[in-house]
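A short worksheet on the structure shown next.
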Amino acid sequence: MASYDRSRAGGSPRPLETGDTWWYAAVAGEAPGSFSTRVRTRTRRACLGAVLVLTVTYAGLVLTATGRRWGDAAMAGRRADTVAATLIREHPSLTGLTTLSLATGCVLLLAVGLIRGRYALTGAAAGAVVTALALTGLLQRYAPRPPLPDPGGPLVPSGFPSAQTTLALGIAVGLALVVPYRQRGLVVGAATLWAVGVGAHTVAAGRHRPGDVVAGALVALAVHCGLLALLARKGNVHPGARRGPALVGLP
């Protein structure tokens with residue numbers, strides 16, 4: 001049996017097919033159409049796509065005058081919205097509640113993984129969250145930004161990207177690695193809605209611009225897609241059983 005022929009369920013080797021390349025024979029060691037190969041290809045493309053969109057977001061919303069005016073208009077509109085301003089002013093505990101929810105999300109991510117005995121996946125998910133936060137901090141510190149004409153003005157400067165959004169979405173996507181398969185769609189969907197709420201609160205509270213929130217989400221997405229591609233490369237992803245129509249898993 002050749003080195004690139006992987007045994008199938010019945011024990012017979014997979015014959016070489018049209019389109020097979022040296023990559024699958026020498027590096028991947030599996031059939032091009034296998035599940036892990038498809039996952040690796042898609043997540044790798046998603047990671048590169050997230051990085052590309054992040055670059056476009058940074059160039060368009062931070063470096064260009066038009067993008068900065070759009071961010072200024074969003075912040076000015078937020079301040080002019082008396083309902084939101086009154087809600088934030090009369091309920092300062094919302095900021096503390098957001099911080100508490102982020103801490104609770106971190107504990108939940110670790111607790112679910114450790115209780116289920118998924119120690120390696122829990123460490124990988126936590127490492128991806130830490131990596132995303134580290135990249136966010138580096139971008140906040142070193143990404144060049146044009147000087148503001150009035151740094152002491154009423155508009156908040158760009159905090160590109162939003163660390164709160166990066167952490168929230170990182171937790172939401174990380175739950176996909178530790179939550180049981182049957183509950184994964186519901187849990188990750190609910191956590192993603194919570195992450196969207198955290199990002200919206202940072203804008204409503206005047207702490208970040210909309211572009212910062214989008215960038216934070218893209219950083220978390222890029223890191224976790226890269227992690228999934230690595231797990232697929234090592235053969236640690238497997239297809240789940242189909243359950244009912246595809247609409248059930250849509251969220």
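Each chain in the structure tokens gets a letter, A, B, ..., in the order shown, and its residues are numbered from 1; ligands are numbered from 1 in order too.
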
For stretch 169-183 of chain A, please output as a CSV table (one decimal) with all heavy atoms, in the first residue's frame all residues within 7 Å (counting only C-alpha atoms; exclusion window: fewer than 3 positions along the same chain).
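Listing of result_13.csv after writing:
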chain,number,residue,atom,x,y,z
A,105,GLY,N,-18.6,34.6,31.5
A,105,GLY,CA,-18.4,33.9,30.3
A,105,GLY,C,-17.1,33.1,30.3
A,105,GLY,O,-17.0,32.0,29.9
A,106,CYS,N,-16.0,33.7,30.9
A,106,CYS,CA,-14.7,33.1,31.0
A,106,CYS,C,-14.8,31.9,31.9
A,106,CYS,O,-14.3,30.8,31.6
A,106,CYS,CB,-13.7,34.1,31.5
A,106,CYS,SG,-13.3,35.4,30.3
A,109,LEU,N,-16.8,29.0,30.1
A,109,LEU,CA,-16.0,28.4,29.1
A,109,LEU,C,-15.1,27.3,29.7
A,109,LEU,O,-15.0,26.2,29.3
A,109,LEU,CB,-15.2,29.4,28.3
A,109,LEU,CG,-14.2,28.8,27.3
A,109,LEU,CD1,-15.0,28.1,26.2
A,109,LEU,CD2,-13.4,30.0,26.7
A,112,VAL,N,-17.2,24.3,31.7
A,112,VAL,CA,-17.8,23.3,30.8
A,112,VAL,C,-16.8,22.4,30.3
A,112,VAL,O,-17.0,21.2,30.3
A,112,VAL,CB,-18.6,24.0,29.7
A,112,VAL,CG1,-19.1,23.0,28.7
A,112,VAL,CG2,-19.8,24.8,30.2
A,113,GLY,N,-15.7,22.9,29.8
A,113,GLY,CA,-14.6,22.1,29.3
A,113,GLY,C,-14.0,21.2,30.3
A,113,GLY,O,-13.8,20.0,30.0
A,118,ARG,N,-12.6,17.7,28.7
A,118,ARG,CA,-12.0,18.1,27.5
A,118,ARG,C,-10.8,19.1,27.8
A,118,ARG,O,-10.9,20.3,27.5
A,118,ARG,CB,-13.0,18.8,26.6
A,118,ARG,CG,-14.2,17.9,26.2
A,118,ARG,CD,-13.8,16.7,25.4
A,118,ARG,NE,-14.9,15.9,25.0
A,118,ARG,CZ,-15.5,16.0,23.9
A,118,ARG,NH1,-15.2,17.0,23.0
A,118,ARG,NH2,-16.5,15.2,23.5
A,121,LEU,N,-8.9,20.6,24.6
A,121,LEU,CA,-9.7,21.5,23.9
A,121,LEU,C,-10.0,22.8,24.7
A,121,LEU,O,-10.1,23.9,24.2
A,121,LEU,CB,-11.0,20.9,23.5
A,121,LEU,CG,-10.9,19.9,22.3
A,121,LEU,CD1,-12.3,19.2,22.1
A,121,LEU,CD2,-10.4,20.5,21.1
A,122,THR,N,-10.2,22.6,26.0
A,122,THR,CA,-10.4,23.8,26.9
A,122,THR,C,-9.1,24.7,26.9
A,122,THR,O,-9.3,25.9,26.8
A,122,THR,CB,-10.7,23.3,28.4
A,122,THR,OG1,-11.8,22.5,28.3
A,122,THR,CG2,-11.0,24.5,29.3
A,125,ALA,N,-9.1,26.5,23.6
A,125,ALA,CA,-10.1,27.6,23.5
A,125,ALA,C,-9.6,28.8,24.3
A,125,ALA,O,-9.7,29.9,23.9
A,125,ALA,CB,-11.4,27.1,24.0
A,129,VAL,N,-8.5,32.6,23.1
A,129,VAL,CA,-9.1,33.9,23.6
A,129,VAL,C,-7.9,34.8,24.1
A,129,VAL,O,-7.9,36.0,23.8
A,129,VAL,CB,-10.0,33.6,24.8
A,129,VAL,CG1,-10.4,34.9,25.5
A,129,VAL,CG2,-11.2,32.8,24.3
A,165,THR,N,-15.3,43.4,22.9
A,165,THR,CA,-15.9,42.6,21.8
A,165,THR,C,-15.1,41.4,21.5
A,165,THR,O,-15.6,40.3,21.2
A,165,THR,CB,-16.2,43.5,20.6
A,165,THR,OG1,-16.9,44.6,20.9
A,165,THR,CG2,-16.9,42.7,19.5
A,166,THR,N,-13.8,41.6,21.4
A,166,THR,CA,-12.9,40.5,21.2
A,166,THR,C,-13.1,39.4,22.2
A,166,THR,O,-13.2,38.2,21.9
A,166,THR,CB,-11.4,40.9,21.1
A,166,THR,OG1,-11.2,41.9,20.1
A,166,THR,CG2,-10.5,39.8,20.9
A,186,LEU,N,-27.4,25.8,19.8
A,186,LEU,CA,-28.2,26.7,20.7
A,186,LEU,C,-27.3,27.5,21.6
A,186,LEU,O,-27.5,28.8,21.7
A,186,LEU,CB,-29.2,25.9,21.5
A,186,LEU,CG,-30.1,26.7,22.5
A,186,LEU,CD1,-30.9,27.7,21.8
A,186,LEU,CD2,-30.9,25.7,23.4
A,187,VAL,N,-26.3,26.9,22.2
A,187,VAL,CA,-25.4,27.6,23.1
A,187,VAL,C,-24.6,28.6,22.4
A,187,VAL,O,-24.5,29.8,22.8
A,187,VAL,CB,-24.5,26.6,23.9
A,187,VAL,CG1,-23.5,27.3,24.7
A,187,VAL,CG2,-25.4,25.7,24.7
A,188,VAL,N,-24.0,28.3,21.3
A,188,VAL,CA,-23.1,29.2,20.6
A,188,VAL,C,-23.9,30.3,20.0
A,188,VAL,O,-23.5,31.5,19.9
A,188,VAL,CB,-22.3,28.5,19.5
A,188,VAL,CG1,-21.5,29.5,18.6
A,188,VAL,CG2,-21.4,27.5,20.1
A,191,ALA,N,-24.8,32.7,22.8
A,191,ALA,CA,-23.5,33.4,23.2
A,191,ALA,C,-23.2,34.4,22.2
A,191,ALA,O,-22.6,35.5,22.6
A,191,ALA,CB,-22.4,32.4,23.5
A,192,THR,N,-23.4,34.2,21.0
A,192,THR,CA,-23.1,35.1,19.9
A,192,THR,C,-24.0,36.4,20.0
A,192,THR,O,-23.5,37.5,19.9
A,192,THR,CB,-23.2,34.5,18.5
A,192,THR,OG1,-22.3,33.4,18.4
A,192,THR,CG2,-22.8,35.5,17.4
A,195,ALA,N,-22.6,38.4,22.7
A,195,ALA,CA,-21.4,39.1,22.3
A,195,ALA,C,-21.8,40.3,21.5
A,195,ALA,O,-21.2,41.4,21.6
A,195,ALA,CB,-20.5,38.2,21.5
A,217,ALA,N,-14.4,41.9,16.6
A,217,ALA,CA,-15.1,40.6,16.2
A,217,ALA,C,-14.2,39.9,15.2
A,217,ALA,O,-14.1,38.7,15.2
A,217,ALA,CB,-16.5,40.9,15.7
A,220,ALA,N,-11.2,38.1,16.8
A,220,ALA,CA,-11.6,36.8,17.4
A,220,ALA,C,-11.9,35.8,16.4
A,220,ALA,O,-11.5,34.6,16.6
A,220,ALA,CB,-12.8,37.1,18.4

- Message: Show me, as an MDAnalysis selection string, the residues that have an atom within 12 Å of A:Leu138 when counting only C-alpha atoms, minus same-chain residues fewer than 4 positions from it.
- Response: chainID A and resid 131:134 142:144 159:163 219

Those same residues - C-alpha atoms - I'd like them written as a PDB file, in the first residue's frame.
ATOM      1  CA  THR A 131      -4.127  35.210  21.773  1.00  0.00           C
ATOM      2  CA  ALA A 132      -6.975  37.285  20.359  1.00  0.00           C
ATOM      3  CA  LEU A 133      -6.784  39.670  23.323  1.00  0.00           C
ATOM      4  CA  ALA A 134      -3.015  39.958  22.918  1.00  0.00           C
ATOM      5  CA  TYR A 142       0.985  50.082  17.723  1.00  0.00           C
ATOM      6  CA  ALA A 143      -1.515  50.495  14.863  1.00  0.00           C
ATOM      7  CA  PRO A 144      -0.912  54.039  13.553  1.00  0.00           C
ATOM      8  CA  GLY A 159      -9.898  52.424  20.297  1.00  0.00           C
ATOM      9  CA  PHE A 160      -9.308  50.061  17.391  1.00  0.00           C
ATOM     10  CA  PRO A 161     -10.125  47.210  18.025  1.00  0.00           C
ATOM     11  CA  SER A 162     -12.554  46.752  20.950  1.00  0.00           C
ATOM     12  CA  ALA A 163     -11.103  44.420  23.581  1.00  0.00           C
ATOM     13  CA  VAL A 219      -9.760  39.476  15.393  1.00  0.00           C
TER      14      VAL A 219
END

- Surrounding residues of stretch 40-43 of chain A excluding itself and chain neighbours under 5 positions, 10 Å, only C-alpha atoms, as a ChimeraX atom specification: /A:35,48-49,221-222,224-235,237

Writing out the chosen residues with N, CA, C and O atoms as a CSV table (one decimal), in the first residue's frame:
chain,number,residue,atom,x,y,z
A,35,PHE,N,-13.5,14.7,5.5
A,35,PHE,CA,-14.1,15.8,6.3
A,35,PHE,C,-13.1,16.8,6.9
A,35,PHE,O,-13.3,18.0,6.9
A,48,LEU,N,-8.1,33.7,6.7
A,48,LEU,CA,-7.5,34.7,5.7
A,48,LEU,C,-8.6,35.8,5.4
A,48,LEU,O,-8.2,37.0,5.2
A,49,GLY,N,-9.8,35.4,5.2
A,49,GLY,CA,-10.9,36.4,4.8
A,49,GLY,C,-11.1,37.3,6.0
A,49,GLY,O,-11.3,38.5,5.7
A,221,LEU,N,-12.6,36.2,15.3
A,221,LEU,CA,-12.9,35.2,14.3
A,221,LEU,C,-11.7,34.6,13.6
A,221,LEU,O,-11.6,33.4,13.4
A,222,ALA,N,-10.7,35.5,13.3
A,222,ALA,CA,-9.5,35.1,12.6
A,222,ALA,C,-8.7,34.1,13.5
A,222,ALA,O,-8.3,33.0,13.0
A,224,HIS,N,-9.8,32.1,16.0
A,224,HIS,CA,-10.4,30.9,16.2
A,224,HIS,C,-10.5,30.0,14.9
A,224,HIS,O,-10.5,28.8,15.0
A,225,CYS,N,-10.7,30.7,13.8
A,225,CYS,CA,-10.6,29.9,12.6
A,225,CYS,C,-9.3,29.3,12.3
A,225,CYS,O,-9.2,28.2,11.9
A,226,GLY,N,-8.2,30.1,12.7
A,226,GLY,CA,-6.9,29.5,12.6
A,226,GLY,C,-6.7,28.3,13.5
A,226,GLY,O,-6.1,27.3,13.2
A,227,LEU,N,-7.3,28.4,14.7
A,227,LEU,CA,-7.2,27.2,15.7
A,227,LEU,C,-8.0,26.0,15.1
A,227,LEU,O,-7.5,24.9,15.2
A,228,LEU,N,-9.2,26.2,14.5
A,228,LEU,CA,-9.9,25.1,14.0
A,228,LEU,C,-9.2,24.5,12.8
A,228,LEU,O,-9.2,23.3,12.6
A,229,ALA,N,-8.5,25.3,12.0
A,229,ALA,CA,-7.7,24.8,10.9
A,229,ALA,C,-6.6,23.9,11.4
A,229,ALA,O,-6.3,22.9,10.8
A,230,LEU,N,-6.0,24.3,12.5
A,230,LEU,CA,-4.9,23.5,13.1
A,230,LEU,C,-5.4,22.2,13.6
A,230,LEU,O,-4.8,21.2,13.4
A,231,LEU,N,-6.5,22.3,14.3
A,231,LEU,CA,-7.1,21.1,14.8
A,231,LEU,C,-7.5,20.1,13.7
A,231,LEU,O,-7.3,18.9,13.8
A,232,ALA,N,-8.1,20.7,12.6
A,232,ALA,CA,-8.4,19.8,11.5
A,232,ALA,C,-7.2,19.2,10.8
A,232,ALA,O,-7.2,18.1,10.4
A,233,ARG,N,-6.1,20.0,10.8
A,233,ARG,CA,-4.8,19.5,10.3
A,233,ARG,C,-4.3,18.3,11.0
A,233,ARG,O,-3.7,17.4,10.5
A,234,LYS,N,-4.5,18.3,12.3
A,234,LYS,CA,-4.1,17.2,13.2
A,234,LYS,C,-5.1,16.0,13.2
A,234,LYS,O,-4.9,15.1,14.0
A,235,GLY,N,-6.3,16.2,12.5
A,235,GLY,CA,-7.3,15.2,12.5
A,235,GLY,C,-8.1,15.1,13.7
A,235,GLY,O,-8.7,14.0,14.0
A,237,VAL,N,-11.0,16.8,14.3
A,237,VAL,CA,-12.4,17.2,14.0
A,237,VAL,C,-13.1,16.0,13.3
A,237,VAL,O,-12.4,15.3,12.5

- Got a sec to tell me which of stretch 46-235 of chain A DSSP assigns to alpha helix (DSSP H), as number ranges by chain? A: 46-58, 65-80, 82-90, 93-115, 119-142, 163-178, 181-204, 210-233

- Restricting the calculation to only C-alpha atoms, which member of A:Val83, A:Val130, A:Leu218, A:Val223 is positioned closest to A:Val53?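 Among the listed residues, the smallest separation from A:Val53 belongs to A:Leu218.
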
- Interatomic distance, atom CA of A:Ala59 to atom CA of A:Gly197 (Å, one decimal):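 Distance between the two atoms: 25.3 Å.
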
- Using only C-alpha atoms, which of A:Arg145, A:His238, A:Arg78, A:Arg184 sits nearest A:Ala205? A:Arg78

- Which of these, A:Gln164, A:Gly189, A:Arg69, A:Arg38, has the shortest distance to A:Ser101 once you count only C-alpha atoms?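 Ranking A:Gln164, A:Gly189, A:Arg69, A:Arg38 by distance to A:Ser101, first place goes to A:Gln164.
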
- At what distance in Å, to one decimal, does atom CA of A:Ala46 lie from atom CA of A:Arg116?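 Straight-line distance from atom CA of A:Arg116 to atom CA of A:Ala46 works out to 28.3 Å.
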